[in-house]
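This is final34.cif (mmCIF, C-alpha atoms).
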data_upload
loop_
_atom_site.label_atom_id
_atom_site.label_comp_id
_atom_site.auth_asym_id
_atom_site.auth_seq_id
_atom_site.Cartn_x
_atom_site.Cartn_y
_atom_site.Cartn_z
CA MET A 1 112.80 125.43 93.75
CA THR A 2 116.09 123.69 92.93
CA GLN A 3 117.59 126.95 91.70
CA LEU A 4 116.29 128.84 94.72
CA LYS A 5 117.80 126.23 97.06
CA SER A 6 121.14 126.71 95.37
CA GLU A 7 120.95 130.50 95.63
CA ILE A 8 120.02 130.41 99.32
CA ALA A 9 122.73 127.87 100.11
CA LYS A 10 125.31 130.22 98.53
CA ARG A 11 124.29 132.84 101.09
CA GLY A 12 125.49 130.47 103.80
CA VAL A 13 122.01 129.36 104.86
CA ARG A 14 121.77 125.74 105.96
CA ILE A 15 119.28 123.85 103.79
CA ILE A 16 117.10 121.19 105.39
CA ASP A 17 115.91 119.39 102.29
CA LEU A 18 112.58 117.64 102.80
CA GLY A 19 111.71 117.72 99.11
CA ILE A 20 112.62 114.55 97.24
CA GLY A 21 111.44 111.27 98.78
CA SER A 22 114.74 109.43 98.50
CA PRO A 23 115.41 107.06 101.44
CA ASP A 24 118.34 108.21 103.55
CA MET A 25 119.03 104.72 104.95
CA PRO A 26 120.87 101.76 103.40
CA PRO A 27 119.37 98.31 102.76
CA ALA A 28 119.55 95.71 105.53
CA SER A 29 123.09 94.45 106.14
CA HIS A 30 122.37 90.97 104.79
CA VAL A 31 121.07 92.51 101.54
CA GLN A 32 124.23 94.61 101.22
CA THR A 33 126.30 91.48 101.76
CA ALA A 34 124.34 89.63 99.10
CA PHE A 35 124.98 92.48 96.66
CA GLN A 36 128.70 92.48 97.42
CA ASN A 37 128.91 88.71 97.00
CA ALA A 38 126.99 88.84 93.72
CA LEU A 39 129.56 91.23 92.28
CA LYS A 40 132.25 88.60 92.78
CA ASP A 41 130.55 86.32 90.25
CA PRO A 42 131.76 87.26 86.73
CA ARG A 43 128.59 85.83 85.20
CA VAL A 44 126.45 88.71 86.52
CA PHE A 45 128.13 91.18 84.17
CA GLY A 46 126.56 89.74 81.03
CA TYR A 47 123.25 90.84 79.54
CA ALA A 48 120.23 90.02 81.69
CA THR A 49 116.84 88.93 80.38
CA THR A 50 113.92 91.31 79.96
CA GLU A 51 111.57 89.30 82.17
CA GLY A 52 114.10 88.96 85.01
CA THR A 53 115.63 85.94 86.70
CA GLU A 54 113.45 83.01 87.67
CA GLU A 55 114.69 83.32 91.26
CA PHE A 56 113.63 86.96 91.60
CA ARG A 57 110.23 86.41 89.98
CA SER A 58 109.56 83.41 92.25
CA ALA A 59 110.58 85.41 95.31
CA ALA A 60 108.23 88.21 94.20
CA ALA A 61 105.33 85.78 93.74
CA ASN A 62 105.93 84.23 97.15
CA PHE A 63 106.16 87.69 98.74
CA LEU A 64 102.80 88.69 97.24
CA GLU A 65 101.09 85.56 98.51
CA SER A 66 102.64 85.53 101.98
CA ARG A 67 102.17 89.25 102.63
CA TYR A 68 98.83 89.99 100.95
CA GLY A 69 97.23 86.71 99.91
CA ALA A 70 97.64 87.54 96.22
CA LYS A 71 98.47 84.52 94.05
CA VAL A 72 100.35 84.95 90.76
CA ASP A 73 102.25 82.67 88.40
CA PRO A 74 105.92 83.74 88.50
CA ASP A 75 106.45 82.57 84.91
CA THR A 76 103.63 84.50 83.25
CA GLU A 77 102.26 86.97 85.80
CA VAL A 78 105.42 88.65 87.13
CA LEU A 79 107.76 90.98 85.21
CA THR A 80 110.97 92.47 86.61
CA VAL A 81 111.40 96.21 85.94
CA MET A 82 113.98 98.93 86.67
CA GLY A 83 111.98 100.56 89.42
CA ALA A 84 108.29 101.41 89.35
CA GLN A 85 108.89 104.50 87.20
CA ASP A 86 110.24 102.26 84.44
CA ALA A 87 106.92 100.46 84.19
CA LEU A 88 104.88 103.64 84.64
CA SER A 89 106.67 105.45 81.84
CA HIS A 90 106.36 102.53 79.40
CA ILE A 91 102.89 101.16 80.19
CA SER A 92 101.25 103.67 77.87
CA VAL A 93 103.46 102.56 74.97
CA ALA A 94 102.38 98.99 75.66
CA VAL A 95 98.60 99.34 75.94
CA VAL A 96 97.45 102.85 74.94
CA ASP A 97 96.94 104.50 71.54
CA PRO A 98 97.04 108.21 70.64
CA GLY A 99 93.72 109.84 71.53
CA ASP A 100 92.87 107.30 74.24
CA VAL A 101 92.16 108.60 77.73
CA ILE A 102 94.18 107.63 80.80
CA LEU A 103 92.40 108.23 84.10
CA ILE A 104 94.82 109.54 86.75
CA PRO A 105 94.41 110.78 90.33
CA ASP A 106 94.72 114.46 91.14
CA PRO A 107 97.02 115.14 92.92
CA CYS A 108 99.42 112.42 91.80
CA TYR A 109 103.00 111.48 91.10
CA PRO A 110 103.83 113.47 87.90
CA ILE A 111 104.81 110.45 85.76
CA TYR A 112 101.14 109.41 85.68
CA GLU A 113 100.39 112.42 83.48
CA VAL A 114 103.65 112.22 81.57
CA THR A 115 103.09 108.60 80.50
CA ALA A 116 99.90 109.71 78.76
CA LEU A 117 101.55 112.65 77.04
CA LEU A 118 104.42 110.45 75.79
CA VAL A 119 102.07 108.59 73.43
CA GLY A 120 99.61 111.35 72.59
CA ALA A 121 96.98 110.08 75.00
CA ILE A 122 94.74 112.36 77.06
CA PRO A 123 95.19 112.43 80.85
CA TYR A 124 91.89 112.89 82.70
CA ARG A 125 92.28 113.95 86.32
CA MET A 126 90.11 112.33 89.00
CA PRO A 127 90.03 114.66 92.05
CA LEU A 128 91.14 113.21 95.39
CA ARG A 129 89.46 115.18 98.15
CA LYS A 130 89.32 114.93 101.90
CA GLU A 131 85.54 114.64 101.98
CA ASN A 132 85.81 111.39 99.99
CA ASN A 133 88.80 110.07 101.99
CA PHE A 134 91.07 110.98 99.06
CA LEU A 135 89.47 108.29 96.88
CA PRO A 136 88.26 109.05 93.32
CA ASP A 137 84.54 109.38 92.68
CA PHE A 138 83.97 107.21 89.61
CA SER A 139 80.37 108.41 89.27
CA ALA A 140 81.63 111.93 88.55
CA ILE A 141 83.52 110.90 85.39
CA PRO A 142 81.63 112.03 82.26
CA SER A 143 80.34 109.31 79.95
CA ASP A 144 82.28 110.61 76.94
CA ILE A 145 85.50 110.30 78.94
CA LEU A 146 84.63 106.77 80.01
CA HIS A 147 83.98 105.85 76.39
CA LYS A 148 87.54 106.85 75.46
CA ALA A 149 89.25 105.63 78.63
CA LYS A 150 91.74 102.79 78.09
CA LEU A 151 93.78 102.80 81.30
CA MET A 152 93.34 103.94 84.90
CA ILE A 153 96.30 104.52 87.23
CA LEU A 154 95.80 104.36 91.00
CA ASN A 155 98.23 104.66 93.90
CA TYR A 156 97.56 103.51 97.47
CA PRO A 157 98.99 104.29 99.93
CA SER A 158 99.10 107.47 97.94
CA ASN A 159 101.81 109.96 97.12
CA PRO A 160 101.37 112.79 97.96
CA VAL A 161 98.10 112.65 99.96
CA THR A 162 99.17 109.68 102.17
CA ALA A 163 95.72 108.04 102.07
CA VAL A 164 95.11 104.28 102.37
CA ALA A 165 92.54 102.38 100.29
CA THR A 166 90.25 99.60 101.47
CA HIS A 167 89.31 96.15 100.20
CA SER A 168 85.84 97.46 99.36
CA PHE A 169 87.31 100.28 97.27
CA PHE A 170 89.40 97.84 95.23
CA ALA A 171 86.31 95.69 94.71
CA GLU A 172 84.61 98.80 93.33
CA VAL A 173 87.62 99.40 91.07
CA VAL A 174 87.39 95.88 89.60
CA GLU A 175 83.66 96.22 88.95
CA PHE A 176 84.11 99.68 87.40
CA ALA A 177 86.98 98.49 85.18
CA LYS A 178 85.03 95.51 83.91
CA GLN A 179 81.92 97.58 83.23
CA HIS A 180 83.80 100.15 81.14
CA GLU A 181 86.55 97.86 79.74
CA ILE A 182 89.33 99.87 81.34
CA LEU A 183 92.73 98.44 82.26
CA VAL A 184 94.06 99.18 85.73
CA LEU A 185 97.59 99.87 86.94
CA HIS A 186 97.89 100.08 90.70
CA ASP A 187 101.15 101.61 91.93
CA ALA A 188 101.79 100.01 95.34
CA ALA A 189 105.21 101.58 95.96
CA TYR A 190 104.31 102.52 99.55
CA ILE A 191 102.18 99.51 100.48
CA GLU A 192 104.38 98.53 103.43
CA LEU A 193 104.92 102.03 104.83
CA THR A 194 101.80 102.19 107.01
CA PHE A 195 101.45 103.62 110.50
CA ASP A 196 99.63 103.09 113.80
CA GLY A 197 99.12 99.36 113.28
CA ARG A 198 97.14 99.66 110.05
CA THR A 199 97.84 97.70 106.88
CA SER A 200 97.23 98.50 103.24
CA PRO A 201 95.57 95.87 101.02
CA SER A 202 96.92 94.71 97.68
CA PHE A 203 94.76 95.36 94.64
CA LEU A 204 95.79 91.92 93.35
CA ALA A 205 94.19 90.24 96.37
CA THR A 206 90.80 91.47 95.13
CA PRO A 207 88.72 88.83 93.28
CA GLY A 208 88.83 89.59 89.56
CA ALA A 209 91.77 92.01 89.78
CA LYS A 210 94.02 89.96 87.52
CA GLU A 211 91.34 90.04 84.84
CA VAL A 212 91.64 93.81 84.52
CA GLY A 213 95.00 94.97 85.77
CA ILE A 214 98.48 94.83 87.21
CA GLU A 215 100.15 96.06 90.37
CA LEU A 216 103.62 97.57 90.80
CA HIS A 217 105.80 96.77 93.81
CA SER A 218 109.02 98.70 94.31
CA LEU A 219 111.97 97.75 96.50
CA SER A 220 113.07 101.40 96.62
CA LYS A 221 111.07 102.52 99.65
CA THR A 222 110.26 99.27 101.44
CA PHE A 223 113.83 97.95 101.34
CA ASN A 224 115.82 101.21 100.96
CA PHE A 225 116.93 99.96 97.54
CA ALA A 226 116.31 103.10 95.49
CA GLY A 227 119.64 103.50 93.70
CA PRO A 228 119.93 99.99 92.24
CA ARG A 229 116.49 100.41 90.55
CA LEU A 230 114.45 97.26 91.11
CA ALA A 231 110.71 96.59 91.14
CA PHE A 232 108.25 94.09 89.74
CA ALA A 233 104.90 94.25 87.98
CA ALA A 234 102.42 91.47 88.64
CA GLY A 235 98.94 90.49 87.52
CA ASN A 236 97.30 90.31 84.10
CA ARG A 237 99.52 88.28 81.79
CA GLU A 238 98.38 90.01 78.59
CA ILE A 239 99.28 93.46 79.94
CA LEU A 240 102.61 92.18 81.22
CA SER A 241 103.36 90.50 77.91
CA ALA A 242 102.78 93.78 76.07
CA LEU A 243 104.98 95.64 78.55
CA ARG A 244 107.71 92.99 78.22
CA ILE A 245 107.74 93.41 74.43
CA VAL A 246 108.15 97.18 74.78
CA LYS A 247 110.97 96.80 77.28
CA SER A 248 112.74 94.17 75.18
CA ASN A 249 113.26 96.90 72.59
CA ILE A 250 114.53 99.43 75.14
CA ASP A 251 116.85 97.67 77.58
CA TYR A 252 118.41 94.32 78.43
CA GLY A 253 116.78 93.88 81.81
CA VAL A 254 117.88 94.62 85.36
CA PHE A 255 121.52 93.99 86.34
CA ARG A 256 121.67 90.45 87.67
CA ALA A 257 123.58 91.39 90.83
CA THR A 258 120.73 93.77 91.66
CA GLN A 259 118.21 90.96 91.20
CA LEU A 260 120.24 88.60 93.38
CA ALA A 261 120.27 91.13 96.21
CA GLY A 262 116.58 91.87 95.66
CA THR A 263 115.79 88.17 95.90
CA VAL A 264 117.48 88.05 99.29
CA ALA A 265 115.54 91.13 100.43
CA LEU A 266 112.21 89.51 99.54
CA LYS A 267 113.03 86.08 100.93
CA GLU A 268 115.17 86.52 104.05
CA HIS A 269 113.47 88.09 107.08
CA PRO A 270 111.43 90.75 105.24
CA GLU A 271 109.06 91.15 108.19
CA THR A 272 111.89 92.15 110.54
CA HIS A 273 113.15 94.82 108.15
CA ILE A 274 109.69 96.11 107.25
CA THR A 275 108.70 96.45 110.92
CA HIS A 276 111.87 98.45 111.55
CA VAL A 277 111.24 100.78 108.60
CA ARG A 278 107.62 101.37 109.61
CA LYS A 279 108.58 102.26 113.17
CA LEU A 280 111.30 104.58 111.96
CA TYR A 281 109.05 106.56 109.61
CA GLN A 282 106.25 106.69 112.16
CA ALA A 283 108.65 108.09 114.75
CA ARG A 284 109.85 110.65 112.21
CA ARG A 285 106.26 111.59 111.38
CA ASP A 286 105.48 112.15 115.05
CA ALA A 287 108.70 114.10 115.64
CA PHE A 288 107.89 116.45 112.76
CA LEU A 289 104.24 117.00 113.66
CA GLN A 290 104.67 117.57 117.39
CA PRO A 291 106.13 121.11 117.26
CA LEU A 292 103.55 122.17 114.67
CA GLN A 293 100.64 120.80 116.67
CA GLU A 294 101.96 122.45 119.83
CA ALA A 295 102.06 125.73 117.91
CA GLY A 296 98.37 125.37 117.03
CA TRP A 297 98.52 123.94 113.54
CA GLU A 298 95.57 121.65 112.78
CA ILE A 299 97.14 118.60 111.18
CA GLU A 300 95.84 115.11 110.49
CA PRO A 301 98.75 112.66 110.86
CA SER A 302 99.76 110.75 107.74
CA LEU A 303 98.25 107.27 107.59
CA ALA A 304 101.10 105.91 105.48
CA THR A 305 104.02 106.62 103.09
CA MET A 306 107.16 108.61 103.91
CA PHE A 307 105.48 112.00 103.49
CA ILE A 308 103.54 114.71 105.30
CA TRP A 309 100.76 116.36 103.27
CA LEU A 310 100.28 119.72 104.93
CA LYS A 311 97.73 122.42 104.27
CA THR A 312 99.32 125.84 103.85
CA PRO A 313 98.48 128.51 106.45
CA ASN A 314 96.16 131.39 105.65
CA HIS A 315 95.09 129.83 102.34
CA MET A 316 98.52 130.64 100.90
CA LYS A 317 99.25 129.24 97.46
CA SER A 318 101.64 126.31 97.58
CA ARG A 319 104.46 127.78 95.47
CA GLU A 320 104.44 131.03 97.43
CA PHE A 321 104.49 129.21 100.76
CA SER A 322 107.31 126.93 99.61
CA ARG A 323 109.35 129.92 98.42
CA GLN A 324 108.80 131.90 101.63
CA LEU A 325 109.53 128.84 103.75
CA LEU A 326 112.84 128.26 102.00
CA GLU A 327 113.88 131.89 102.21
CA LYS A 328 112.87 132.31 105.88
CA THR A 329 114.04 128.98 107.29
CA GLY A 330 116.10 127.03 104.76
CA VAL A 331 113.53 124.21 104.89
CA ALA A 332 112.70 122.83 101.43
CA CYS A 333 109.41 121.13 100.54
CA VAL A 334 107.45 120.43 97.34
CA PRO A 335 104.54 122.73 96.34
CA GLY A 336 101.37 120.68 96.17
CA VAL A 337 100.31 122.20 92.87
CA GLY A 338 103.24 120.38 91.28
CA PHE A 339 101.21 117.19 91.75
CA GLY A 340 98.13 118.64 90.06
CA PRO A 341 95.53 121.41 90.48
CA GLU A 342 93.94 119.63 93.46
CA GLY A 343 97.25 119.96 95.28
CA GLU A 344 97.02 123.72 95.47
CA TYR A 345 97.08 125.08 99.05
CA TYR A 346 99.05 122.01 100.19
CA VAL A 347 102.76 121.17 100.40
CA ARG A 348 104.57 117.86 100.77
CA PHE A 349 107.40 117.15 103.18
CA ALA A 350 109.52 113.99 102.86
CA LEU A 351 110.58 112.29 106.09
CA VAL A 352 114.14 111.75 104.88
CA GLN A 353 116.06 113.26 107.79
CA SER A 354 116.63 112.18 111.39
CA GLU A 355 114.02 112.82 114.08
CA GLN A 356 116.21 115.57 115.52
CA ILE A 357 116.50 117.42 112.20
CA LEU A 358 112.80 116.97 111.46
CA GLN A 359 111.89 118.48 114.83
CA GLU A 360 114.26 121.34 114.17
CA ALA A 361 112.65 121.94 110.76
CA ALA A 362 109.15 121.88 112.24
CA LYS A 363 110.12 124.40 114.94
CA LEU A 364 111.50 126.70 112.26
CA ILE A 365 108.26 126.39 110.28
CA ALA A 366 106.11 127.10 113.34
CA ALA A 367 108.19 130.16 114.23
CA ALA A 368 108.14 131.54 110.68
CA PHE A 369 104.40 131.22 110.11
#
What does this structure look like when you write it as structure tokens?
Amino acid sequence: MTQLKSEIAKRGVRIIDLGIGSPDMPPASHVQTAFQNALKDPRVFGYATTEGTEEFRSAAANFLESRYGAKVDPDTEVLTVMGAQDALSHISVAVVDPGDVILIPDPCYPIYEVTALLVGAIPYRMPLRKENNFLPDFSAIPSDILHKAKLMILNYPSNPVTAVATHSFFAEVVEFAKQHEILVLHDAAYIELTFDGRTSPSFLATPGAKEVGIELHSLSKTFNFAGPRLAFAAGNREILSALRIVKSNIDYGVFRATQLAGTVALKEHPETHITHVRKLYQARRDAFLQPLQEAGWEIEPSLATMFIWLKTPNHMKSREFSRQLLEKTGVACVPGVGFGPEGEYYVRFALVQSEQILQEAAKLIAAAF
């Protein structure tokens, strides 16, 4: 698709790129100021520590408790990482052996499969289907797979299907993990990007969750802090210790100026910023969906995230629809099959343009199909 976008752009066609989910807005002004001020301190340019600064880890722990009621020890149950993908790509090195099984959702963010392949583990796909509210059916996993399973990766609110989990589901996850001695990694990158007044629970707030797993929280989407690369993993101290050892042999931790700005983001008026970001993405969602719904498309609005998960018309395969869409309209999206076999006949649009441009894109789509 990247090559096709380039070819079409050379023809003079305007590309409306709704593919990659990279925030198009800057961090809050006070966070930018904190970053700028941090750069004036010569001490930030030295090597950082693998675990992260005490100030950032404490801010992360306080954020978890105040926002979700999840209590963690900042000294032993929080680890600073270079974005959620950093932890996702290295977790398998930390806790999985070749031949082990990693349970992953289908469809899912591609790194979930890649982290298994990096260490010679076997990714086993758990289908996420509308009839089950895009939640995995643990009873459908074969016993021989469960016997080999070492790690399960979950993601709610979910990319790409935009579903939201419940407290009862996470309670089921904890029970299932304990029964089969499976570690859990919950990727909560979109936990604050919920719509229509709903909230998304934290896995760590579930009784027993810290006994079996960890949760990832990224500042990329919530705080528009994607470029600086900052996130934190929290929960089970043994898992985090293993991950810290792996990372200590790979990098020297997150740039301290980044952590200083991230600390400010977590501590100073996060509710004000988060409310603003939620309203903005919800307005963008509604602006994009309105022309399609008026044209007769049957669409269920996204519950959360910064994405639209759209079924292709006329049972068209996702790559073919994406190609035709780009050639006919200049609108770029991601074929659903790129997230796994269960993503076939769907495409994902990222809400990373203004309301006006999103409405324009939707009108072009409605006219072309």
Exercise: Val334 of chain A partners within 10 Å, only C-alpha atoms, chain neighbours under 2 positions left out, as number ranges by chain
A: 1, 17-20, 160, 309, 318-319, 321-323, 332, 336-339, 346-350
Which segment 291-337 of chain A residues have any atom within 12 Å of an atom of segment 22-33 of chain A, and for each, what is the nearest pair of atoms with distance in Å to one decimal, counting all atoms listed in the file, rows sorted by chain and number, as a Markdown table?
| residue | atom | partner | partner_atom | distance |
| --- | --- | --- | --- | --- |
| A:Thr305 | CA | A:Pro23 | CA | 11.5 |
| A:Met306 | CA | A:Pro23 | CA | 8.8 |
| A:Phe307 | CA | A:Ser22 | CA | 10.8 |
Could you give me, as number ranges by chain, the residues within 9 Å of Pro301 of chain A, counting only C-alpha atoms and dropping anything in the same chain fewer than 4 positions from it?
A: 285-286, 289, 308-309
Please tabulate, as a tab-separated table, the residues of segment 168-225 of chain A that come within 8 Å of segment 57-79 of chain A, each with its closest pair of atoms and the distance in Å to one decimal, counting all atoms listed in the file and ordering rows by chain, then residue number upward.
residue	atom	partner	partner_atom	distance
A:Pro201	CA	A:Tyr68	CA	6.7
A:Ser202	CA	A:Tyr68	CA	6.1
A:Leu204	CA	A:Ala70	CA	5.6
A:Ala205	CA	A:Ala70	CA	4.4
A:Thr206	CA	A:Ala70	CA	8.0
Separation of atom CA of Ile365 of chain A from atom CA of Gln293 of chain A, in Å and rounded to one decimal:
11.4 Å
Looking at all atoms listed in the file, which of A:Ala116, A:Val81, A:Val44, A:Leu351 is the one that sits closest to Leu243 of chain A?
A:Val81
Just the residues within 10 Å of Ile357 of chain A, please, counting all atoms listed in the file, with nothing from its chain fewer than 5 positions along; format it as a ChimeraX atom specification.
/A:16,284,287-288,351-352,362-363
Shortest contact to Thr199 of chain A, candidates A:Ile145, A:Leu303, A:Leu183, A:Ala9, atoms counted only C-alpha atoms, goes to A:Leu303
In terms of the shortest atom-to-atom distance over only C-alpha atoms, which of A:Val173, A:Leu364, A:Val101, A:Met316 is closest to Ile15 of chain A?
A:Leu364
Within 9 Å of Ala226 of chain A, counting only C-alpha atoms, which residues qualify if same-chain residues fewer than 5 places away don't, as a PDB file with C-alpha atoms, keeping the file's coordinate frame?
ATOM      1  CA  SER A  22     114.740 109.430  98.500  1.00  0.00           C
ATOM      2  CA  PRO A  23     115.410 107.060 101.440  1.00  0.00           C
ATOM      3  CA  GLY A  83     111.980 100.560  89.420  1.00  0.00           C
ATOM      4  CA  SER A 218     109.020  98.700  94.310  1.00  0.00           C
ATOM      5  CA  LEU A 219     111.970  97.750  96.500  1.00  0.00           C
ATOM      6  CA  SER A 220     113.070 101.400  96.620  1.00  0.00           C
ATOM      7  CA  LYS A 221     111.070 102.520  99.650  1.00  0.00           C
TER       8      LYS A 221
END
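Of the residues listed (A:Ala84, A:Phe369, A:Gly227, A:Glu327), A:Glu327 shows the shortest atom-to-atom separation from Gly12 of chain A; distances use all atoms listed in the file.
Look at everything within 10 Å of (95.6, 92.6, 78.3) using only C-alpha atoms, and the residues you get are A:Ala94, A:Val95, A:Leu183, A:Lys210, A:Glu211, A:Val212, A:Gly213, A:Ile214, A:Asn236, A:Arg237, A:Glu238, A:Ile239, A:Leu240, A:Ser241, A:Ala242, A:Leu243.
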What is the atom CA of Thr166 of chain A-atom CA of Leu135 of chain A distance in Å, reported with one decimal?
9.9 Å
Once the PyMOL selection byres ((chain A and resi 311) around 6) has been evaluated on this model, what residues remain selected, and can you format them as a VMD selection string?
chain A and resid 310 312 345 to 346
All heavy atoms of segment 147-155 of chain A, written as a CSV table (one decimal), in the first residue's frame:
chain,number,residue,atom,x,y,z
A,147,HIS,N,-1.7,-26.6,27.0
A,147,HIS,CA,-0.6,-27.3,27.7
A,147,HIS,C,0.7,-26.6,27.4
A,147,HIS,O,1.6,-26.6,28.3
A,147,HIS,CB,-0.6,-28.8,27.4
A,147,HIS,CG,0.5,-29.6,28.0
A,147,HIS,ND1,0.5,-29.9,29.4
A,147,HIS,CD2,1.7,-30.1,27.5
A,147,HIS,CE1,1.6,-30.5,29.7
A,147,HIS,NE2,2.3,-30.7,28.6
A,148,LYS,N,0.9,-26.1,26.2
A,148,LYS,CA,2.1,-25.5,25.8
A,148,LYS,C,2.1,-24.0,26.0
A,148,LYS,O,3.2,-23.3,25.8
A,148,LYS,CB,2.4,-25.8,24.3
A,148,LYS,CG,2.5,-27.3,24.0
A,148,LYS,CD,2.7,-27.4,22.5
A,148,LYS,CE,2.9,-28.9,22.1
A,148,LYS,NZ,3.0,-29.1,20.6
A,149,ALA,N,1.0,-23.4,26.3
A,149,ALA,CA,0.9,-21.9,26.3
A,149,ALA,C,1.6,-21.4,27.5
A,149,ALA,O,1.5,-21.8,28.7
A,149,ALA,CB,-0.6,-21.5,26.4
A,150,LYS,N,2.4,-20.4,27.3
A,150,LYS,CA,3.2,-19.7,28.3
A,150,LYS,C,2.8,-18.3,28.6
A,150,LYS,O,2.9,-17.8,29.7
A,150,LYS,CB,4.7,-19.7,27.9
A,150,LYS,CG,5.7,-19.1,28.9
A,150,LYS,CD,5.7,-20.0,30.2
A,150,LYS,CE,6.8,-19.5,31.2
A,150,LYS,NZ,8.2,-19.7,30.7
A,151,LEU,N,2.3,-17.6,27.5
A,151,LEU,CA,1.9,-16.2,27.6
A,151,LEU,C,0.7,-15.9,26.8
A,151,LEU,O,0.5,-16.5,25.7
A,151,LEU,CB,3.1,-15.4,27.1
A,151,LEU,CG,2.9,-13.8,27.0
A,151,LEU,CD1,2.8,-13.2,28.3
A,151,LEU,CD2,4.0,-13.2,26.2
A,152,MET,N,-0.2,-15.0,27.3
A,152,MET,CA,-1.3,-14.6,26.5
A,152,MET,C,-1.3,-13.1,26.5
A,152,MET,O,-1.1,-12.4,27.5
A,152,MET,CB,-2.6,-15.0,27.2
A,152,MET,CG,-3.9,-14.5,26.5
A,152,MET,SD,-5.4,-15.2,27.1
A,152,MET,CE,-5.4,-14.9,28.8
A,153,ILE,N,-1.4,-12.5,25.2
A,153,ILE,CA,-1.5,-11.1,25.0
A,153,ILE,C,-2.9,-10.6,24.7
A,153,ILE,O,-3.6,-11.2,23.8
A,153,ILE,CB,-0.5,-10.7,23.9
A,153,ILE,CG1,0.9,-11.1,24.2
A,153,ILE,CG2,-0.6,-9.1,23.7
A,153,ILE,CD1,1.9,-10.8,23.1
A,154,LEU,N,-3.4,-9.6,25.4
A,154,LEU,CA,-4.7,-9.1,25.2
A,154,LEU,C,-4.6,-7.6,25.0
A,154,LEU,O,-3.6,-7.0,25.4
A,154,LEU,CB,-5.6,-9.4,26.4
A,154,LEU,CG,-5.9,-10.8,26.7
A,154,LEU,CD1,-6.6,-11.0,28.1
A,154,LEU,CD2,-6.7,-11.5,25.6
A,155,ASN,N,-5.6,-7.0,24.4
A,155,ASN,CA,-5.6,-5.5,24.1
A,155,ASN,C,-7.0,-4.9,24.1
A,155,ASN,O,-7.7,-5.2,23.2
A,155,ASN,CB,-4.9,-5.4,22.8
A,155,ASN,CG,-5.1,-4.0,22.2
A,155,ASN,OD1,-5.3,-3.8,21.0
A,155,ASN,ND2,-4.9,-3.0,23.0
